[in-house]
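Note: the block below is start02.txt and it holds compact mmCIF, C-alpha atoms.
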# COMPACT_ATOMS: atom_id res chain seq x y z
CA PRO L 178 0.00 0.00 0.00
CA GLN L 179 1.10 3.54 -0.63
CA ARG L 180 1.02 4.44 3.06
CA ALA L 181 3.53 1.69 3.78
CA MET L 182 6.13 3.64 1.86
CA ARG L 183 5.71 6.89 3.76
CA GLY L 184 8.93 7.95 5.38
CA SER L 185 10.76 4.74 4.49
CA SER L 186 13.74 6.37 2.78
CA ALA L 187 13.79 9.17 5.33
CA LEU L 188 13.73 6.75 8.23
CA ARG L 189 16.54 4.74 6.66
CA ALA L 190 18.61 7.91 6.43
CA ALA L 191 17.71 8.93 9.95
CA TRP L 192 18.65 5.54 11.35
CA ARG L 193 21.97 5.44 9.49
CA CYS L 194 22.85 8.89 10.85
CA ALA L 195 21.26 8.60 14.29
CA ARG L 196 23.53 9.09 17.27
CA GLY L 197 22.89 7.21 20.46
CA VAL L 198 23.14 8.82 23.85
CA ASP L 199 26.88 8.20 23.75
CA GLY L 200 27.12 10.47 20.73
CA THR L 201 28.62 7.86 18.39
CA ALA L 202 27.37 7.67 14.83
CA ARG L 203 25.69 4.46 13.74
CA ARG L 204 26.23 3.70 10.06
CA ILE L 205 25.62 0.13 8.96
CA PRO L 206 25.84 -0.33 5.20
CA GLY L 207 23.27 -2.57 3.59
CA HIS L 208 20.67 -2.37 6.34
CA ALA L 209 17.30 -0.96 5.41
CA VAL L 210 14.25 -0.06 7.44
CA ASP L 211 10.89 -0.97 5.94
CA ILE L 212 8.00 1.08 7.25
CA PRO L 213 4.83 -0.91 7.88
CA PRO L 214 1.42 0.66 7.36
CA SER L 215 0.33 2.93 10.21
CA SER L 216 -2.04 0.65 12.07
CA PRO L 217 -5.53 1.96 12.88
CA HIS L 218 -5.20 -0.15 16.02
CA LEU L 219 -1.87 1.29 17.11
CA LEU L 220 -2.76 1.63 20.76
CA SER L 221 -4.43 -1.77 21.02
CA LEU L 222 -1.15 -3.12 19.67
CA VAL L 223 0.72 -1.15 22.33
CA ARG L 224 -1.53 -2.67 25.00
CA ARG L 225 -0.78 -6.20 23.78
CA MET L 226 2.93 -5.90 23.10
CA SER L 227 4.15 -3.48 25.72
CA ALA L 228 4.39 -3.20 29.47
CA LEU L 229 3.76 0.52 28.95
CA VAL L 230 0.08 1.16 29.68
CA PRO L 231 -1.20 4.03 27.51
CA PRO L 232 -3.53 6.70 28.87
CA GLY L 233 -7.30 6.46 28.50
CA LYS L 234 -8.78 7.29 25.12
CA SER L 235 -11.13 9.98 26.45
CA LEU L 236 -10.89 12.51 29.27
CA ARG L 237 -13.78 10.81 31.09
CA GLU L 238 -11.63 7.69 31.41
CA VAL L 239 -9.00 9.54 33.45
CA THR L 240 -10.84 12.25 35.43
CA HIS L 241 -14.19 13.81 36.31
CA VAL L 242 -14.85 16.21 33.42
CA GLU L 243 -17.85 17.78 35.15
CA LEU L 244 -15.63 18.93 38.03
CA LEU L 245 -13.10 20.52 35.67
CA GLU L 246 -15.92 22.29 33.84
CA LYS L 247 -16.64 24.23 37.05
CA GLU L 248 -13.12 25.73 37.09
CA ASP L 249 -11.58 28.44 34.92
CA ALA L 250 -8.72 27.74 32.52
CA VAL L 251 -5.99 28.93 34.89
CA ALA L 252 -7.24 26.68 37.69
CA ILE L 253 -7.53 23.70 35.34
CA LYS L 254 -3.90 24.09 34.28
CA GLY L 255 -2.80 23.96 37.92
CA ILE L 256 -5.09 21.06 38.81
CA TRP L 257 -3.93 19.02 35.82
CA ARG L 258 -0.25 19.74 36.52
CA ASP L 259 -0.53 18.95 40.24
CA TYR L 260 -2.53 15.79 39.54
CA HIS L 261 0.43 14.30 37.63
CA GLN L 262 3.33 15.80 39.57
CA GLU L 263 3.70 13.03 42.14
CA THR L 264 3.08 10.13 39.74
CA THR L 265 6.16 8.27 38.50
CA GLY L 266 6.17 7.54 34.78
CA LYS L 267 3.24 9.81 33.95
CA ILE L 268 2.99 13.47 32.92
CA GLY L 269 0.17 15.82 32.05
CA PHE L 270 0.03 19.35 30.69
CA THR L 271 -2.22 21.67 28.71
CA VAL L 272 -1.91 22.27 24.97
CA ASP L 273 -2.85 25.41 23.06
CA PRO L 274 -6.03 24.66 21.04
CA ASN L 275 -4.44 25.89 17.81
CA VAL L 276 -1.40 23.66 18.33
CA TYR L 277 -3.66 20.70 19.08
CA ALA L 278 -5.83 21.33 16.00
CA ARG L 279 -2.85 21.57 13.67
CA PHE L 280 -1.24 18.47 15.13
CA ARG L 281 -4.51 16.52 14.83
CA ASP L 282 -5.21 17.62 11.26
CA ARG L 283 -1.68 17.37 9.88
CA SER L 284 -0.93 14.01 11.47
CA THR L 285 -3.74 12.42 9.44
CA THR L 286 -1.72 12.92 6.24
CA CYS L 287 1.71 12.80 7.93
CA PRO L 288 1.33 10.12 10.63
CA MET L 289 5.05 9.46 11.18
CA PHE L 290 8.09 11.51 12.10
CA VAL L 291 11.44 11.22 13.88
CA VAL L 292 12.43 13.38 16.83
CA PRO L 293 16.04 13.66 18.04
CA LEU L 294 15.69 14.12 21.81
CA HIS L 295 18.77 15.86 23.18
CA LYS L 296 19.95 14.39 26.46
CA SER L 297 22.71 17.02 26.53
CA PRO L 298 24.06 19.56 24.01
CA ARG L 299 26.15 16.81 22.33
CA GLN L 300 24.09 13.68 22.94
CA PHE L 301 20.67 12.71 21.70
CA LEU L 302 18.31 9.78 21.33
CA THR L 303 16.27 9.48 18.12
CA LEU L 304 12.66 8.34 18.46
CA VAL L 305 10.07 7.40 15.85
CA ALA L 306 6.71 9.13 16.35
CA GLN L 307 3.53 7.37 15.17
CA THR L 308 0.15 9.06 15.38
CA THR L 309 -3.34 7.62 15.43
CA SER L 310 -5.66 10.24 16.92
CA PRO L 311 -5.99 10.87 19.82
CA TYR L 312 -2.71 9.05 20.46
CA VAL L 313 0.93 9.56 19.59
CA SER L 314 3.64 7.08 20.56
CA PHE L 315 7.42 7.40 20.49
CA THR L 316 9.74 4.41 19.97
CA ALA L 317 13.55 4.36 20.02
CA ILE L 318 14.68 4.14 16.40
CA ASP L 319 16.88 1.06 16.93
CA ASP L 320 13.99 -0.82 18.55
CA PHE L 321 11.66 0.22 15.74
CA ARG L 322 14.17 -0.92 13.12
CA LYS L 323 14.38 -4.37 14.70
CA LEU L 324 10.76 -4.97 15.70
CA GLN L 325 8.79 -2.25 13.89
CA GLU L 326 5.25 -1.98 15.29
CA ALA L 327 5.90 -4.78 17.78
CA ALA L 328 8.57 -2.63 19.47
CA THR L 329 7.87 -1.23 22.92
CA PRO L 330 7.26 2.54 22.80
CA MET L 331 9.16 4.69 25.25
CA LEU L 332 6.20 7.04 25.54
CA ALA L 333 2.50 6.97 24.68
CA ALA L 334 0.39 10.14 24.92
CA ALA L 335 -3.30 10.92 24.51
CA HIS L 336 -4.80 14.30 23.57
CA TYR L 337 -8.08 15.37 25.15
CA PRO L 338 -10.02 18.12 23.31
CA GLU L 339 -13.15 17.99 25.50
CA LEU L 340 -12.46 21.42 27.07
CA VAL L 341 -11.40 23.25 23.91
CA GLU L 342 -14.73 24.98 23.30
CA SER L 343 -15.58 25.82 26.91
CA LYS L 344 -12.11 26.58 28.35
CA GLU L 345 -9.96 27.19 25.24
CA LEU L 346 -7.41 24.53 26.15
CA ALA L 347 -6.69 20.90 25.36
CA LEU L 348 -5.28 18.46 27.88
CA LEU L 349 -2.62 15.82 27.36
CA GLN L 350 -1.63 12.82 29.44
CA ALA L 351 1.37 10.58 28.75
CA THR L 352 2.94 7.47 30.23
CA PHE L 353 6.62 6.79 29.64
CA VAL L 354 9.48 4.41 30.40
CA HIS L 355 11.25 5.81 33.46
CA ALA L 356 14.37 4.91 35.43
CA ALA L 357 12.54 2.42 37.66
CA SER L 358 10.85 0.61 34.75
CA PRO L 359 11.91 -3.07 34.76
CA GLY L 360 14.30 -4.09 32.00
CA ALA L 361 14.53 -0.65 30.40
CA ALA L 362 17.77 -0.17 28.44
CA GLU L 363 16.83 3.47 27.87
CA HIS L 364 14.52 5.67 29.88
CA LEU L 365 13.14 9.19 30.02
CA THR L 366 12.84 11.72 32.80
CA SER L 367 9.59 13.62 33.16
CA GLN L 368 11.32 16.72 31.79
CA GLU L 369 12.56 14.79 28.74
CA ALA L 370 9.11 13.31 28.18
CA THR L 371 7.60 16.80 28.21
CA ARG L 372 10.26 18.15 25.83
CA LEU L 373 9.75 15.23 23.44
CA ILE L 374 6.03 15.87 23.06
CA ARG L 375 6.35 19.64 22.85
CA LEU L 376 9.05 19.33 20.19
CA CYS L 377 6.81 17.04 18.16
CA HIS L 378 3.91 19.49 18.52
CA ALA L 379 6.13 22.36 17.41
CA PHE L 380 7.20 20.64 14.21
CA TYR L 381 3.62 19.87 13.27
CA ALA L 382 2.11 23.21 14.32
CA ASP L 383 4.70 25.59 12.85
CA ASP L 384 4.10 26.10 9.12
CA ALA L 385 7.78 26.46 8.22
CA LEU L 386 8.94 23.47 10.28
CA PHE L 387 6.12 21.29 9.00
CA ALA L 388 6.93 22.16 5.38
CA LYS L 389 10.68 21.71 5.83
CA PHE L 390 10.74 18.50 7.89
CA VAL L 391 7.49 16.65 8.58
CA LYS L 392 5.97 16.80 5.10
CA PRO L 393 9.16 15.70 3.30
CA PHE L 394 9.66 12.87 5.80
CA ASN L 395 6.24 11.47 4.87
CA HIS L 396 5.93 12.41 1.20
CA ALA L 397 9.27 13.49 -0.33
CA GLN L 398 11.99 11.48 1.35
CA SER L 399 14.78 12.70 -0.93
CA LYS L 400 14.26 16.21 0.46
CA PHE L 401 14.37 15.17 4.12
CA ASP L 402 17.55 16.40 5.86
CA PHE L 403 18.14 14.58 9.15
CA ASP L 404 21.25 16.58 10.08
CA ALA L 405 19.28 19.81 9.66
CA LEU L 406 16.56 18.34 11.90
CA VAL L 407 19.13 17.55 14.59
CA ALA L 408 20.43 21.11 14.44
CA GLU L 409 16.90 22.54 14.60
CA THR L 410 15.90 20.44 17.60
CA ALA L 411 19.14 21.34 19.38
CA LYS L 412 18.33 25.02 18.89
CA ARG L 413 14.78 24.63 20.20
CA THR L 414 15.26 22.04 22.94
CA TRP L 415 15.80 24.44 25.82
CA SER L 416 13.62 27.32 24.60
CA ASP L 417 10.88 28.56 26.92
CA ASP L 418 8.00 27.20 24.85
CA ILE L 419 9.51 23.68 24.95
CA ILE L 420 10.55 23.39 28.60
CA GLN L 421 7.64 25.25 30.22
Please lay out the structure from this file as structure tokens.
Amino acid sequence: PQRAMRGSSALRAAWRCARGVDGTARRIPGHAVDIPPSSPHLLSLVRRMSALVPPGKSLREVTHVELLEKEDAVAIKGIWRDYHQETTGKIGFTVDPNVYARFRDRSTTCPMFVVPLHKSPRQFLTLVAQTTSPYVSFTAIDDFRKLQEAATPMLAAAHYPELVESKELALLQATFVHAASPGAAEHLTSQEATRLIRLCHAFYADDALFAKFVKPFNHAQSKFDFDALVAETAKRTWSDDIIQ
């Protein structure tokens, strides 16, 4: 199917150039990465194949919506943040409605991307993002190359738009592989998990970034420049809109 080819050349290039957290380049001639079709049952697959339990599909599955409806937007942001602050391996934050809408709409035609997550100024971990609304999952590129959709994601997030009309904000909840997760070769901190999602949102929501990186990755692989993506994420990683 045509969708099976989306991003295949770009992902091959990204994998061949991807640096691990030790900063060493991985270049293995002759190895290719075949991209499977984006499954409409992505999260059911995650539930079967992974110890990582994804968030609920709707806001009503994770909290009392009617209680949030009684609060103003500022209070909801604080409640949602505090609700997740003491929970290991789980984060939650609010998303600008315009960012959410662009991510939702653009991910339908561009469901895959790669995000270099900088662990330090010189070290980064590359993750494959796969989107099936309302979910997005992130899998380490080496794991995805070996196991493809059977690989364990390092993070699974759900977007909740239920309060967009009444409160002008969307909510997001994510579960991720953390330092105490059993058998985890790699893990994320809560700050890294937040940065990873916000970086992904930024590349989908910003017109210039979407046109330069996300769209070519999915539809014009010969124009996708992984090294330029690494440089761009490095520049944005510690900006206020990413770390807030």
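Those residues that approach Pro293 of chain L to within 9 Å, counting all atoms listed in the file, are L:Ala195, L:Arg196, L:Phe301, L:Leu302, L:Thr303, L:Leu304, L:Val305, L:Leu373, L:Leu406, L:Val407, L:Thr410, L:Ala411; same-chain residues fewer than 6 positions away are not listed.
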Show which residues sit within 12 Å of His336 of chain L, as a PDB file with C-alpha atoms, in the frame of the given file. Count only C-alpha atoms, and ignore same-chain residues fewer than 3 positions away.
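That gives us selection.pdb:
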ATOM      1  CA  PRO L 231      -1.200   4.030  27.510  1.00  0.00           C
ATOM      2  CA  PRO L 232      -3.530   6.700  28.870  1.00  0.00           C
ATOM      3  CA  GLY L 233      -7.300   6.460  28.500  1.00  0.00           C
ATOM      4  CA  LYS L 234      -8.780   7.290  25.120  1.00  0.00           C
ATOM      5  CA  SER L 235     -11.130   9.980  26.450  1.00  0.00           C
ATOM      6  CA  LEU L 236     -10.890  12.510  29.270  1.00  0.00           C
ATOM      7  CA  VAL L 239      -9.000   9.540  33.450  1.00  0.00           C
ATOM      8  CA  GLY L 269       0.170  15.820  32.050  1.00  0.00           C
ATOM      9  CA  PHE L 270       0.030  19.350  30.690  1.00  0.00           C
ATOM     10  CA  THR L 271      -2.220  21.670  28.710  1.00  0.00           C
ATOM     11  CA  VAL L 272      -1.910  22.270  24.970  1.00  0.00           C
ATOM     12  CA  ASP L 273      -2.850  25.410  23.060  1.00  0.00           C
ATOM     13  CA  PRO L 274      -6.030  24.660  21.040  1.00  0.00           C
ATOM     14  CA  VAL L 276      -1.400  23.660  18.330  1.00  0.00           C
ATOM     15  CA  TYR L 277      -3.660  20.700  19.080  1.00  0.00           C
ATOM     16  CA  ALA L 278      -5.830  21.330  16.000  1.00  0.00           C
ATOM     17  CA  PHE L 280      -1.240  18.470  15.130  1.00  0.00           C
ATOM     18  CA  ARG L 281      -4.510  16.520  14.830  1.00  0.00           C
ATOM     19  CA  THR L 308       0.150   9.060  15.380  1.00  0.00           C
ATOM     20  CA  THR L 309      -3.340   7.620  15.430  1.00  0.00           C
ATOM     21  CA  SER L 310      -5.660  10.240  16.920  1.00  0.00           C
ATOM     22  CA  PRO L 311      -5.990  10.870  19.820  1.00  0.00           C
ATOM     23  CA  TYR L 312      -2.710   9.050  20.460  1.00  0.00           C
ATOM     24  CA  VAL L 313       0.930   9.560  19.590  1.00  0.00           C
ATOM     25  CA  SER L 314       3.640   7.080  20.560  1.00  0.00           C
ATOM     26  CA  ALA L 333       2.500   6.970  24.680  1.00  0.00           C
ATOM     27  CA  GLU L 339     -13.150  17.990  25.500  1.00  0.00           C
ATOM     28  CA  LEU L 340     -12.460  21.420  27.070  1.00  0.00           C
ATOM     29  CA  VAL L 341     -11.400  23.250  23.910  1.00  0.00           C
ATOM     30  CA  LEU L 346      -7.410  24.530  26.150  1.00  0.00           C
ATOM     31  CA  ALA L 347      -6.690  20.900  25.360  1.00  0.00           C
ATOM     32  CA  LEU L 348      -5.280  18.460  27.880  1.00  0.00           C
ATOM     33  CA  LEU L 349      -2.620  15.820  27.360  1.00  0.00           C
ATOM     34  CA  GLN L 350      -1.630  12.820  29.440  1.00  0.00           C
ATOM     35  CA  ALA L 351       1.370  10.580  28.750  1.00  0.00           C
ATOM     36  CA  ILE L 374       6.030  15.870  23.060  1.00  0.00           C
ATOM     37  CA  HIS L 378       3.910  19.490  18.520  1.00  0.00           C
TER      38      HIS L 378
END
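The gap separating atom CA of Leu376 of chain L from atom CA of Arg413 of chain L is 7.8 Å, in Å to one decimal.
Here atom CA of Asp404 of chain L stands at a distance of 22.7 Å from atom CA of Thr371 of chain L.
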Padding 8 Å on every side, please: axis-aligned box over the listed atoms of segment 247-261 of chain L, centre and edge lengths to one decimal in Å, as AutoDock Vina command-line options.
--center_x -8.1 --center_y 21.6 --center_z 36.4 --size_x 33.1 --size_y 30.6 --size_z 23.7
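For the residues L:Ile318, L:Leu332, L:Ala306, L:Ile268, ranking by smallest atom-to-atom distance to Leu229 of chain L using all atoms listed in the file places L:Leu332 first.
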With distances taken over only C-alpha atoms, the candidate from L:Ile256, L:Ala405, L:Val391, L:Leu324 nearest Cys377 of chain L is L:Val391
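In terms of minimum interatomic distance to Asn395 of chain L, L:Val291 ranks closest within L:Val291, L:Ala370, L:Ala357, L:Ala328, counting all atoms listed in the file.
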Separating atom CA of Gln368 of chain L from atom CA of Phe401 of chain L, to the nearest tenth of an Å, is a gap of 27.9 Å
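Closest approach to Glu263 of chain L from the set L:Ser399, L:Asn275, L:Ser367, L:Ser284 is made by L:Ser367, with distances taken over only C-alpha atoms.
Nearest-residue note for Thr316 of chain L: choosing from L:His295, L:Arg279, L:Lys247, L:Val354, the minimum distance belongs to L:Val354, counting all atoms listed in the file.
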Using only C-alpha atoms, the best pick from L:Lys392, L:Leu294, L:Arg322, L:Pro338 as closest to Thr414 of chain L would be L:Leu294
